[in-house]
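Next comes work-v8.txt, a file with compact mmCIF, C-alpha atoms.
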# COMPACT_ATOMS: atom_id res chain seq x y z
CA MET A 1 0.00 0.00 0.00
CA ASP A 2 2.97 2.33 0.67
CA VAL A 3 4.03 1.97 -2.96
CA MET A 4 0.50 2.60 -4.17
CA TRP A 5 0.08 5.69 -2.01
CA SER A 6 3.41 7.15 -3.06
CA GLY A 7 3.25 6.17 -6.74
CA GLY A 8 -0.42 6.52 -7.55
CA GLU A 9 -1.93 4.50 -10.40
CA SER A 10 0.46 1.67 -11.32
CA ASN A 11 0.52 -1.67 -13.04
CA VAL A 12 2.02 -4.84 -11.59
CA ARG A 13 5.43 -4.24 -13.13
CA ASP A 14 5.65 -0.66 -11.74
CA VAL A 15 4.86 -1.90 -8.25
CA ALA A 16 7.35 -4.79 -8.46
CA GLU A 17 10.10 -2.37 -9.49
CA LYS A 18 9.44 -0.03 -6.60
CA LEU A 19 9.52 -2.71 -3.89
CA ASP A 20 12.49 -2.83 -1.48
CA ARG A 21 13.13 -6.51 -2.14
CA PRO A 22 12.79 -8.39 -5.43
CA LEU A 23 9.54 -10.35 -5.70
CA ALA A 24 8.24 -12.49 -8.52
CA TYR A 25 5.85 -10.77 -10.92
CA THR A 26 3.14 -13.32 -10.13
CA THR A 27 3.51 -12.75 -6.36
CA VAL A 28 2.98 -9.00 -6.79
CA MET A 29 0.07 -9.65 -9.14
CA THR A 30 -1.62 -11.98 -6.63
CA THR A 31 -1.09 -9.49 -3.78
CA LEU A 32 -2.57 -6.61 -5.79
CA ASP A 33 -5.51 -8.79 -6.80
CA ARG A 34 -6.15 -9.67 -3.15
CA LEU A 35 -5.96 -6.00 -2.12
CA PHE A 36 -8.46 -5.22 -4.89
CA LYS A 37 -10.80 -7.98 -3.65
CA LYS A 38 -10.53 -6.61 -0.11
CA GLY A 39 -11.64 -3.23 -1.42
CA MET A 40 -8.40 -1.42 -0.75
CA LEU A 41 -7.52 -0.88 -4.40
CA GLU A 42 -9.45 0.06 -7.53
CA ARG A 43 -8.47 -1.18 -10.95
CA ARG A 44 -9.16 -0.53 -14.59
CA LYS A 45 -8.09 -2.33 -17.68
CA SER A 46 -5.62 -0.56 -19.90
CA GLU A 47 -4.77 -2.45 -23.05
CA ARG A 48 -3.88 -5.95 -21.75
CA ALA A 49 -2.89 -5.08 -18.16
CA PHE A 50 -4.73 -3.83 -15.10
CA LEU A 51 -3.88 -0.42 -13.64
CA TYR A 52 -4.34 -0.32 -9.86
CA SER A 53 -4.89 2.74 -7.68
CA PRO A 54 -5.66 3.14 -3.96
CA ARG A 55 -9.37 3.43 -3.15
CA LEU A 56 -8.67 5.50 -0.04
CA SER A 57 -5.90 7.94 0.86
CA ARG A 58 -3.64 6.87 3.72
CA PRO A 59 -5.32 9.15 6.34
CA ASP A 60 -8.78 7.94 5.26
CA TRP A 61 -7.66 4.31 5.43
CA GLU A 62 -6.14 4.80 8.90
CA ARG A 63 -9.31 6.52 10.11
CA GLN A 64 -11.42 3.65 8.75
CA ARG A 65 -9.17 1.06 10.37
CA ALA A 66 -9.32 2.82 13.75
CA GLY A 67 -13.12 3.07 13.43
CA GLU A 68 -13.41 -0.65 12.66
CA LEU A 69 -11.19 -1.51 15.62
CA VAL A 70 -13.26 0.57 18.02
CA ALA A 71 -16.53 -0.78 16.55
CA GLY A 72 -15.22 -4.34 16.93
CA PHE A 73 -14.45 -3.74 20.60
CA LEU A 74 -17.76 -2.08 21.33
CA ALA A 75 -19.69 -4.84 19.57
CA GLY A 76 -17.95 -7.50 21.67
CA PRO A 77 -18.74 -8.51 25.25
CA ARG A 78 -19.42 -5.57 27.56
CA LYS A 79 -16.14 -6.09 29.39
CA SER A 80 -13.98 -5.54 26.27
CA GLY A 81 -15.85 -2.34 25.44
CA GLU A 82 -15.26 -1.05 28.95
CA LEU A 83 -11.62 -2.08 28.72
CA LEU A 84 -11.14 -0.14 25.52
CA ILE A 85 -12.79 2.95 26.94
CA SER A 86 -10.68 2.77 30.09
CA CYS A 87 -7.52 2.43 27.95
CA LEU A 88 -8.52 5.42 25.84
CA LEU A 89 -9.15 7.42 28.97
CA GLU A 90 -5.76 6.45 30.39
CA GLU A 91 -4.07 7.41 27.15
CA ALA A 92 -5.82 10.73 26.92
CA GLY A 93 -4.44 11.58 30.33
CA ARG A 94 -6.39 11.64 33.52
CA ASP A 95 -9.89 11.89 32.37
CA ALA A 96 -11.72 14.67 34.11
CA ALA A 97 -14.73 12.48 34.83
CA LEU A 98 -12.62 9.86 36.55
CA LEU A 99 -10.87 12.51 38.63
CA ASP A 100 -14.23 14.06 39.54
CA GLU A 101 -15.43 10.64 40.68
CA LEU A 102 -12.30 10.14 42.79
CA GLU A 103 -12.74 13.59 44.30
CA ARG A 104 -16.32 12.70 45.19
CA LYS A 105 -15.14 9.54 46.97
CA ILE A 106 -12.51 11.52 48.90
CA LYS A 107 -15.14 14.07 49.93
CA ILE A 108 -17.42 11.31 51.23
CA LYS A 109 -14.51 9.78 53.16
CA ARG A 110 -13.64 13.17 54.69
CA GLN A 111 -17.25 13.71 55.74
CA GLU A 112 -17.25 10.28 57.33
CA LEU A 113 -14.01 11.06 59.19
CA ASN A 114 -15.37 14.41 60.37
CA ARG A 115 -18.60 12.74 61.60
CA ARG A 116 -16.56 10.21 63.54
CA LYS A 117 -14.45 12.99 65.07
CA SER A 118 -17.51 14.95 66.24
CA MET B 1 49.54 -14.10 30.01
CA THR B 2 49.23 -13.73 26.26
CA PRO B 3 46.65 -11.51 24.54
CA SER B 4 44.97 -14.58 23.02
CA TYR B 5 44.69 -16.15 26.51
CA LEU B 6 43.03 -13.00 27.82
CA GLY B 7 40.90 -12.68 24.68
CA ARG B 8 39.54 -16.19 25.19
CA LEU B 9 38.78 -15.34 28.81
CA VAL B 10 36.81 -12.27 27.72
CA LEU B 11 34.92 -14.26 25.07
CA LEU B 12 34.13 -17.08 27.50
CA SER B 13 32.98 -14.66 30.18
CA SER B 14 30.68 -12.85 27.76
CA ALA B 15 29.30 -16.11 26.34
CA SER B 16 28.73 -17.58 29.82
CA PHE B 17 27.05 -14.36 30.96
CA PHE B 18 24.70 -14.53 27.98
CA LEU B 19 23.82 -18.21 28.44
CA VAL B 20 23.18 -17.97 32.19
CA GLN B 21 21.25 -14.74 31.68
CA ILE B 22 19.02 -16.38 29.06
CA ILE B 23 18.35 -19.51 31.14
CA VAL B 24 17.72 -17.76 34.47
CA GLY B 25 15.89 -14.88 32.75
CA ALA B 26 13.55 -17.32 31.00
CA LEU B 27 12.84 -19.15 34.26
CA ILE B 28 12.12 -15.93 36.14
CA ALA B 29 9.97 -14.63 33.27
CA LEU B 30 8.04 -17.89 33.39
CA ILE B 31 7.23 -17.57 37.09
CA ALA B 32 6.74 -13.77 36.91
CA PRO B 33 2.91 -13.83 36.73
CA THR B 34 2.74 -16.13 39.78
CA ALA B 35 5.30 -13.99 41.61
CA VAL B 36 3.28 -10.84 40.90
CA ARG B 37 0.14 -12.52 42.23
CA ARG B 38 2.04 -13.61 45.34
CA ALA B 39 3.42 -10.10 45.81
CA GLY B 40 -0.19 -8.90 45.86
CA THR B 41 -0.70 -10.78 49.13
CA MET B 42 2.29 -9.13 50.82
CA ARG B 43 2.73 -5.75 52.45
CA PRO B 44 3.81 -3.30 49.70
CA GLN B 45 7.29 -2.74 51.12
CA ARG B 46 7.98 -6.45 51.27
CA ALA B 47 6.38 -6.99 47.87
CA ALA B 48 8.61 -4.30 46.34
CA ARG B 49 11.70 -5.95 47.85
CA PHE B 50 10.63 -9.38 46.61
CA LEU B 51 9.86 -8.14 43.08
CA LEU B 52 13.11 -6.17 42.85
CA ARG B 53 15.15 -9.21 43.87
CA LEU B 54 13.42 -11.36 41.28
CA ARG B 55 13.89 -8.73 38.58
CA LEU B 56 17.61 -8.37 39.30
CA LEU B 57 18.24 -12.07 39.90
CA PRO B 58 19.09 -13.08 36.27
CA ALA B 59 21.67 -10.31 35.86
CA ALA B 60 23.11 -10.69 39.37
CA PHE B 61 23.27 -14.48 39.11
CA SER B 62 24.95 -14.30 35.69
CA LEU B 63 27.56 -11.86 36.98
CA ILE B 64 28.21 -14.03 40.05
CA VAL B 65 28.56 -17.19 37.98
CA VAL B 66 31.04 -15.45 35.68
CA ALA B 67 33.02 -13.83 38.49
CA VAL B 68 33.00 -16.70 40.99
CA LEU B 69 33.03 -19.76 38.75
CA CYS B 70 34.01 -19.09 35.15
CA VAL B 71 36.91 -16.68 35.62
CA PRO B 72 38.60 -18.56 38.55
CA SER B 73 38.24 -21.96 36.85
CA TYR B 74 39.68 -20.58 33.62
CA LEU B 75 42.62 -18.91 35.37
CA ARG B 76 43.30 -22.03 37.40
CA PHE B 77 43.00 -24.79 34.83
CA GLU B 78 43.55 -23.24 31.42
CA PRO B 79 47.20 -23.67 30.37
CA ARG B 80 48.65 -20.23 29.67
CA VAL B 81 50.58 -21.40 26.65
CA ALA B 82 47.70 -23.22 24.97
CA GLU B 83 46.60 -21.82 21.63
CA GLU B 84 43.02 -22.88 21.14
CA GLU B 85 40.61 -22.00 18.41
CA VAL B 86 37.36 -20.40 19.53
CA GLY B 87 34.28 -22.13 18.12
CA LEU B 88 31.58 -20.32 16.17
CA ALA B 89 28.93 -20.97 18.81
CA CYS B 90 31.10 -19.45 21.54
CA LEU B 91 31.78 -16.42 19.34
CA ALA B 92 28.07 -15.99 18.64
CA PHE B 93 27.13 -16.26 22.34
CA ALA B 94 29.89 -13.81 23.27
CA LEU B 95 28.62 -11.39 20.63
CA PHE B 96 25.04 -11.69 21.93
CA GLY B 97 26.30 -11.21 25.50
CA THR B 98 28.18 -8.07 24.48
CA LEU B 99 25.17 -6.74 22.56
CA LEU B 100 22.90 -7.43 25.53
CA CYS B 101 25.19 -5.51 27.87
CA ALA B 102 25.65 -2.69 25.35
CA ALA B 103 21.87 -2.36 24.92
CA SER B 104 21.33 -2.18 28.69
CA ILE B 105 24.12 0.35 29.18
CA SER B 106 22.85 2.52 26.34
CA ARG B 107 19.28 2.34 27.75
CA THR B 108 20.58 3.44 31.14
CA LEU B 109 22.70 6.25 29.72
CA ARG B 110 19.73 7.53 27.69
CA ALA B 111 17.55 7.46 30.80
CA LEU B 112 20.21 9.30 32.82
CA LEU B 113 20.58 11.90 30.08
CA ARG B 114 16.83 12.44 29.74
CA SER B 115 16.42 12.76 33.48
CA SER B 116 19.32 15.18 33.92
CA LEU B 117 18.08 17.28 30.98
CA TYR B 118 14.65 17.36 32.57
CA VAL B 119 16.08 18.50 35.91
CA ARG B 120 18.12 21.19 34.13
CA GLN B 121 15.03 22.40 32.23
CA CYS B 122 13.10 22.50 35.46
CA ALA B 123 15.78 24.67 37.09
CA GLY B 124 14.00 26.52 39.82
CA ARG B 125 14.71 28.22 43.08
CA GLU B 126 15.76 26.44 46.21
CA SER B 127 13.39 26.75 49.11
CA PHE B 128 12.38 25.09 52.36
CA VAL B 129 8.94 23.57 52.84
CA GLY B 130 8.17 22.02 56.23
CA GLY B 131 11.88 21.97 57.04
CA GLU B 132 12.61 20.09 53.81
CA ARG B 133 14.92 21.49 51.13
CA VAL B 134 12.99 21.52 47.83
CA TRP B 135 13.28 23.08 44.39
CA ILE B 136 10.29 25.12 43.32
CA VAL B 137 10.06 24.87 39.54
CA LYS B 138 7.97 26.85 37.10
CA GLN B 139 6.76 24.10 34.84
CA SER B 140 5.95 20.38 34.77
CA ALA B 141 6.99 18.11 37.66
CA GLY B 142 3.90 18.49 39.85
CA LEU B 143 5.79 16.84 42.64
CA ALA B 144 8.70 14.54 41.94
CA LEU B 145 11.97 13.10 43.13
CA ALA B 146 14.82 13.43 40.63
CA GLY B 147 18.37 12.18 40.80
CA ILE B 148 20.17 9.04 41.90
CA LEU B 149 22.75 9.63 44.60
CA ASN B 150 21.51 12.93 45.94
CA PRO B 151 17.88 13.12 44.76
CA ARG B 152 16.13 16.48 44.64
CA LEU B 153 12.54 17.13 45.54
CA LEU B 154 10.92 19.15 42.77
CA ILE B 155 7.61 20.95 43.28
CA SER B 156 5.95 22.97 40.55
CA GLU B 157 4.61 26.42 41.37
CA ALA B 158 1.18 25.20 40.31
CA ALA B 159 1.36 22.31 42.80
CA MET B 160 2.34 24.74 45.55
CA ARG B 161 -0.77 26.77 44.74
CA GLU B 162 -3.13 23.80 44.38
CA LEU B 163 -2.20 21.69 47.41
CA SER B 164 -3.29 22.57 50.91
CA SER B 165 -0.62 22.56 53.62
CA ASP B 166 -1.58 19.08 54.90
CA GLN B 167 -1.67 17.69 51.35
CA LEU B 168 1.74 19.19 50.63
CA ALA B 169 3.20 17.83 53.87
CA ILE B 170 1.92 14.32 53.24
CA SER B 171 3.07 14.38 49.61
CA LEU B 172 6.56 15.42 50.70
CA ARG B 173 6.55 12.60 53.21
CA HIS B 174 5.66 10.23 50.35
CA GLU B 175 8.60 11.48 48.26
CA ARG B 176 10.92 11.29 51.26
CA ALA B 177 9.96 7.62 51.61
CA HIS B 178 11.07 7.06 47.99
CA ARG B 179 14.32 8.84 48.76
CA ALA B 180 14.93 6.80 51.92
CA SER B 181 14.42 3.52 50.09
CA ARG B 182 16.59 4.75 47.18
CA ASP B 183 13.93 3.93 44.63
CA ASN B 184 15.59 5.95 41.85
CA LEU B 185 18.77 3.93 42.34
CA LYS B 186 16.72 0.72 42.19
CA ARG B 187 15.17 1.93 38.93
CA LEU B 188 18.65 2.55 37.58
CA LEU B 189 19.68 -1.00 38.51
CA MET B 190 16.61 -2.38 36.74
CA LEU B 191 17.50 -0.39 33.63
CA LEU B 192 21.03 -1.81 33.78
CA ALA B 193 19.78 -5.39 34.15
CA PRO B 194 19.00 -6.80 30.69
CA SER B 195 15.29 -7.20 30.06
CA ILE B 196 14.78 -9.53 27.12
CA PHE B 197 11.69 -11.36 28.31
CA PRO B 198 8.31 -9.66 28.75
CA GLY B 199 7.93 -11.34 32.15
CA LEU B 200 10.82 -9.26 33.47
CA ARG B 201 9.07 -6.06 32.42
CA LEU B 202 5.96 -7.33 34.20
CA LEU B 203 8.04 -7.54 37.38
CA GLU B 204 9.25 -3.96 36.82
CA ARG B 205 5.70 -2.65 36.49
CA ALA B 206 4.60 -4.56 39.59
CA TRP B 207 7.61 -3.20 41.49
CA THR B 208 6.70 0.38 40.50
CA LYS B 209 3.19 -0.13 41.85
CA SER B 210 4.40 -1.75 45.09
CA SER B 211 7.01 0.95 45.69
CA GLU B 212 4.36 3.65 45.25
CA TRP B 213 2.05 1.86 47.66
CA ALA B 214 4.91 1.37 50.13
CA ALA B 215 5.68 5.10 50.01
CA ASP B 216 1.96 5.82 50.48
CA ASP B 217 1.92 3.59 53.57
CA HIS B 218 5.01 5.25 54.96
CA ALA B 219 3.53 8.72 54.40
CA THR B 220 0.13 7.99 55.91
CA ALA B 221 1.41 5.74 58.73
CA GLY B 222 -2.03 4.17 59.06
CA ASP B 223 -3.77 7.51 59.73
CA GLU B 224 -7.06 7.79 57.81
CA ASN B 225 -6.94 11.60 57.71
CA HIS B 226 -3.46 11.49 56.23
CA ALA B 227 -4.63 8.86 53.74
CA ALA B 228 -7.53 11.09 52.62
CA ALA B 229 -5.17 14.08 52.31
CA LEU B 230 -2.74 12.06 50.20
CA ALA B 231 -5.58 10.78 48.00
CA ALA B 232 -6.73 14.37 47.45
CA ALA B 233 -3.15 15.41 46.63
CA LEU B 234 -2.88 12.58 44.10
CA VAL B 235 -6.01 13.73 42.31
CA SER B 236 -4.87 17.38 42.26
CA ILE B 237 -1.45 16.46 40.90
CA ALA B 238 -3.03 14.13 38.32
CA ARG B 239 -5.06 17.09 37.05
CA LEU B 240 -1.96 19.25 36.81
CA GLN B 241 0.11 16.58 35.11
CA ALA B 242 -2.49 15.38 32.60
CA GLY B 243 -0.67 13.71 29.70
CA ILE B 244 2.84 14.50 30.98
CA ARG B 245 5.17 11.53 31.02
CA MET B 246 8.18 11.86 33.30
CA PRO B 247 11.67 10.64 32.35
CA PRO B 248 12.42 7.14 33.69
CA LEU B 249 14.61 8.27 36.58
CA VAL B 250 12.23 10.92 37.89
CA MET B 251 9.73 9.53 40.39
CA SER B 252 6.57 11.54 40.20
CA LEU B 253 3.89 11.51 42.87
CA VAL B 254 1.50 10.31 40.15
CA ASP B 255 2.81 8.16 37.33
CA ALA B 256 1.25 8.57 33.87
CA ASP B 257 0.84 4.79 33.48
CA GLU B 258 -0.54 3.87 36.85
CA ASP B 259 -4.09 3.00 37.79
CA LEU B 260 -4.88 6.05 39.90
CA SER B 261 -8.36 4.92 40.91
CA GLN B 262 -6.96 1.69 42.39
CA ARG B 263 -4.41 3.66 44.39
CA VAL B 264 -6.96 6.17 45.67
CA ASP B 265 -9.44 3.39 46.56
CA ARG B 266 -6.70 1.63 48.49
CA LEU B 267 -5.90 4.79 50.44
CA LEU B 268 -9.54 5.37 51.28
CA ASP B 269 -10.43 1.78 52.17
CA ALA B 270 -7.12 0.27 53.16
CA ALA B 271 -7.70 -3.24 54.46
CA PRO B 272 -4.92 -4.71 56.61
CA VAL B 273 -2.85 -7.26 54.74
CA ARG B 274 -2.38 -10.59 56.47
CA GLU B 275 0.83 -12.09 55.26
CA SER B 276 2.87 -15.11 56.08
CA LYS B 277 5.84 -14.46 58.37
CA PHE B 278 7.76 -17.35 56.88
CA PRO B 279 10.84 -15.78 55.21
CA ALA B 280 10.84 -18.07 52.17
CA GLY B 281 12.59 -15.53 49.90
CA ARG B 282 15.38 -14.91 52.39
CA ILE B 283 15.94 -18.63 52.89
CA ALA B 284 16.05 -19.22 49.12
CA LEU B 285 18.57 -16.38 48.68
CA LEU B 286 20.76 -17.67 51.50
CA GLY B 287 20.59 -21.20 50.08
CA LEU B 288 21.61 -19.97 46.63
CA THR B 289 24.52 -17.96 48.03
CA ALA B 290 25.70 -20.92 50.10
CA LEU B 291 25.49 -23.18 47.04
CA ILE B 292 27.53 -20.82 44.86
CA LEU B 293 30.13 -20.31 47.59
CA SER B 294 30.49 -24.03 48.27
CA VAL B 295 30.87 -24.74 44.56
CA SER B 296 33.37 -21.92 44.06
CA ILE B 297 35.72 -23.01 46.87
CA ASN B 298 35.67 -26.66 45.82
CA PRO B 299 38.53 -27.35 43.32
CA SER B 300 36.77 -30.34 41.77
CA SER B 301 33.68 -28.30 40.97
CA LEU B 302 35.88 -25.62 39.41
CA ARG B 303 37.36 -28.40 37.27
CA VAL B 304 33.85 -29.37 36.17
CA VAL B 305 33.12 -25.74 35.32
CA HIS B 306 36.34 -25.59 33.35
CA SER B 307 35.47 -28.68 31.34
CA LEU B 308 32.08 -27.12 30.58
CA LEU B 309 33.84 -23.96 29.44
CA GLU B 310 36.13 -26.03 27.25
CA ARG B 311 33.07 -27.49 25.56
CA LEU B 312 31.66 -24.03 25.07
CA LEU B 313 34.95 -22.88 23.59
CA ASP B 314 34.93 -25.72 21.04
Rendering of file as structure tokens:
Amino acid sequence: MDVMWSGGESNVRDVAEKLDRPLAYTTVMTTLDRLFKKGMLERRKSERAFLYSPRLSRPDWERQRAGELVAGFLAGPRKSGELLISCLLEEAGRDAALLDELERKIKIKRQELNRRKS
Amino acid sequence: MTPSYLGRLVLLSSASFFLVQIIVGALIALIAPTAVRRAGTMRPQRAARFLLRLRLLPAAFSLIVVAVLCVPSYLRFEPRVAEEEVGLACLAFALFGTLLCAASISRTLRALLRSSLYVRQCAGRESFVGGERVWIVKQSAGLALAGILNPRLLISEAAMRELSSDQLAISLRHERAHRASRDNLKRLLMLLAPSIFPGLRLLERAWTKSSEWAADDHATAGDENHAAALAAALVSIARLQAGIRMPPLVMSLVDADEDLSQRVDRLLDAAPVRESKFPAGRIALLGLTALILSVSINPSSLRVVHSLLERLLD
């Protein structure tokens, strides 16, 4: 996909030439065909060969992938959805809601301690 | 002593270090999840000690085996005039051993550099809070302990404004507990000890949690009011530090990766931990030391070690 995003519309031979390591023509052809069947590439016939191009730009593809990942988690058992949300919250820093909740617990504890004192 | 004799000694030492490190490291990594669960039943201070020993065991054991068994047996039994070829396997193990050490040293140096840069960036004014010498810094930090041999207590101006006097006092007591138990030095040792198996990193994370809890316990000393004040300080600092990740050798009051709600819940509803008094870890450590010592002073066992080294060399 990196080659397709950087090179734009290409045939099998173009892609094979731009790869870091040499791969057989048929291997590249099969891979491009699979990417087309998965909906990641578009293709059109030009003379006797297919010309492939990416269906989505890299940012769009990454956004779609992230969306699918999140949707997959949320569709799963409740626990995995909660896990994902808690991870996102952790990553985004201390979520204000969590800190508010902790503050509320501390306040209750303080009230309880004050009641016991008096 | 010819250069080739010394060269073989260096290669053998590095190869032996790598092999022992891999074997012991794999064993420790294998038992790490069980060890972490067991540490959960101990008092935090004891758990931190137990986890640290386990984490450092592969590196310490490898160094001891090399220093107490491999080097003496080689010096004693290897003829100084012998010209032996070094086998490919020995060369490969020695190379891996060297790479492993180089990776750990570079990781440690990077951590030291990042931490000292951070402290320099935070340069603030020296002050005294509750009789404690601290550095009041303009940005970042919140409240942290930075440095290895002579750690500094850093407090951000924002933290000074946000925390009440009892919260500040209890937070400083928490950081002093880290300083007293030399936790930054322990972190440095863990960085120096190679960490090739994920289980060893699991031990590191569990140690971090236990050391924080141990410092919490020291600061609150079982007083519920102190515990509530520390919990409130944690939440305030977490708000100030949102998204800020500290360098590895700076111990912040609130770590970016920790489960803050678990820590606060523990402070608010601390249940006494009932733990076994049987010092199993200490007995195991003493047994291991006795075994290594008895093997190292026995000439016949050194001969066995030498024959093993000969095989490795071939």
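Interatomic distance, CA of Ala66 (chain A) against CA of Thr30 (chain A): 26.3 Å.
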**Q.** Selected residue of minimal separation from chain A among B:Thr289, B:Gln262, B:Ser115, B:Ser307, counting all atoms listed in the file
**A.** B:Gln262
Which residues of chain B have any atom within 12 Å of an atom in chain A when counting all atoms listed in the file, and what is the closest pair of atoms for each, with the distance in Å to one decimal? Order the rows by chain and rising number and write it as JSON lines.
{"residue": "B:Asp223", "atom": "CA", "partner": "A:Leu113", "partner_atom": "CA", "distance": 10.9}
{"residue": "B:Glu224", "atom": "CA", "partner": "A:Leu113", "partner_atom": "CA", "distance": 7.8}
{"residue": "B:Asn225", "atom": "CA", "partner": "A:Leu113", "partner_atom": "CA", "distance": 7.2}
{"residue": "B:His226", "atom": "CA", "partner": "A:Arg110", "partner_atom": "CA", "distance": 10.4}
{"residue": "B:Ala227", "atom": "CA", "partner": "A:Ile106", "partner_atom": "CA", "distance": 9.6}
{"residue": "B:Ala228", "atom": "CA", "partner": "A:Ile106", "partner_atom": "CA", "distance": 6.2}
{"residue": "B:Ala229", "atom": "CA", "partner": "A:Ile106", "partner_atom": "CA", "distance": 8.5}
{"residue": "B:Leu230", "atom": "CA", "partner": "A:Ile106", "partner_atom": "CA", "distance": 9.9}
{"residue": "B:Ala231", "atom": "CA", "partner": "A:Ile106", "partner_atom": "CA", "distance": 7.0}
{"residue": "B:Ala232", "atom": "CA", "partner": "A:Ile106", "partner_atom": "CA", "distance": 6.6}
{"residue": "B:Ala233", "atom": "CA", "partner": "A:Glu103", "partner_atom": "CA", "distance": 10.0}
{"residue": "B:Leu234", "atom": "CA", "partner": "A:Leu99", "partner_atom": "CA", "distance": 9.7}
{"residue": "B:Val235", "atom": "CA", "partner": "A:Leu99", "partner_atom": "CA", "distance": 6.2}
{"residue": "B:Ser236", "atom": "CA", "partner": "A:Leu99", "partner_atom": "CA", "distance": 8.5}
{"residue": "B:Ile237", "atom": "CA", "partner": "A:Arg94", "partner_atom": "CA", "distance": 10.1}
{"residue": "B:Ala238", "atom": "CA", "partner": "A:Arg94", "partner_atom": "CA", "distance": 6.4}
{"residue": "B:Arg239", "atom": "CA", "partner": "A:Arg94", "partner_atom": "CA", "distance": 6.6}
{"residue": "B:Leu240", "atom": "CA", "partner": "A:Arg94", "partner_atom": "CA", "distance": 9.4}
{"residue": "B:Gln241", "atom": "CA", "partner": "A:Gly93", "partner_atom": "CA", "distance": 8.3}
{"residue": "B:Ala242", "atom": "CA", "partner": "A:Gly93", "partner_atom": "CA", "distance": 4.8}
{"residue": "B:Gly243", "atom": "CA", "partner": "A:Gly93", "partner_atom": "CA", "distance": 4.4}
{"residue": "B:Ile244", "atom": "CA", "partner": "A:Gly93", "partner_atom": "CA", "distance": 7.9}
{"residue": "B:Arg245", "atom": "CA", "partner": "A:Gly93", "partner_atom": "CA", "distance": 9.6}
{"residue": "B:Val254", "atom": "CA", "partner": "A:Arg94", "partner_atom": "CA", "distance": 10.4}
{"residue": "B:Asp255", "atom": "CA", "partner": "A:Arg94", "partner_atom": "CA", "distance": 10.5}
{"residue": "B:Ala256", "atom": "CA", "partner": "A:Gly93", "partner_atom": "CA", "distance": 7.3}
{"residue": "B:Asp257", "atom": "CA", "partner": "A:Glu90", "partner_atom": "CA", "distance": 7.5}
{"residue": "B:Glu258", "atom": "CA", "partner": "A:Glu90", "partner_atom": "CA", "distance": 8.7}
{"residue": "B:Asp259", "atom": "CA", "partner": "A:Glu90", "partner_atom": "CA", "distance": 8.3}
{"residue": "B:Leu260", "atom": "CA", "partner": "A:Arg94", "partner_atom": "CA", "distance": 8.6}
{"residue": "B:Ser261", "atom": "CA", "partner": "A:Leu102", "partner_atom": "CA", "distance": 6.8}
{"residue": "B:Gln262", "atom": "CA", "partner": "A:Leu102", "partner_atom": "CA", "distance": 10.0}
{"residue": "B:Arg263", "atom": "CA", "partner": "A:Leu102", "partner_atom": "CA", "distance": 10.3}
{"residue": "B:Val264", "atom": "CA", "partner": "A:Leu102", "partner_atom": "CA", "distance": 7.3}
{"residue": "B:Asp265", "atom": "CA", "partner": "A:Leu102", "partner_atom": "CA", "distance": 8.2}
{"residue": "B:Arg266", "atom": "CA", "partner": "A:Ile106", "partner_atom": "CA", "distance": 11.5}
{"residue": "B:Leu267", "atom": "CA", "partner": "A:Ile106", "partner_atom": "CA", "distance": 9.6}
{"residue": "B:Leu268", "atom": "CA", "partner": "A:Lys109", "partner_atom": "CA", "distance": 6.9}
{"residue": "B:Asp269", "atom": "CA", "partner": "A:Lys109", "partner_atom": "CA", "distance": 9.0}
**Q.** Between CA of Asn184 (chain B) and CA of Ala215 (chain B) - distance in Å to one decimal
**A.** 12.9 Å
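Across the model, the gap from CA of Ser14 (chain B) to CA of Gly97 (chain B) is 5.2 Å.
When the distance limit is 9 Å and all atoms listed in the file are what count, the residues near Glu9 (chain A), minus those fewer than 4 positions from it on the same chain, are Met4, Trp5, Arg43, Leu51, Tyr52, Ser53 and Pro54 of chain A.
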Q) Which residues come within 8 Å of Leu153 (chain B), counting all atoms listed in the file, excluding same-chain residues fewer than 3 positions away, as a list of chain:residue names? A) B:Arg133, B:Val134, B:Trp135, B:Leu143, B:Ala144, B:Leu145, B:Ala146, B:Glu175
Q: Give the answer as one residue: which of A:Leu69, A:Asp2, A:Ala97, A:Val12 has the shortest atom-to-atom distance to Ala24 (chain A), using all atoms listed in the file?
A: A:Val12
Q.
Which residue is closest to Trp61 (chain A)? Choose from A:Val28, A:Leu23, A:Met40, A:Leu83 and count only C-alpha atoms.
A. A:Met40
Q: Kindly indicate which residue among B:Gln21, B:Leu188, B:Leu30, B:Arg120 lies nearest to Leu52 (chain B), using all atoms listed in the file for the distances.
A: B:Leu188
Q: Skip Leu57 (chain B) itself and residues of its chain fewer than 5 positions away, then list as number ranges by chain all residues within 9 Å of it, counting all atoms listed in the file.
A: B: 24-25, 28, 52, 62, 193
Q | Shell of 10 Å around Ser296 (chain B), all atoms listed in the file, local chain residues under 4 positions omitted, as an MDAnalysis selection string | A | chainID B and resid 65 67:70 72:73 290:292 300:302 305
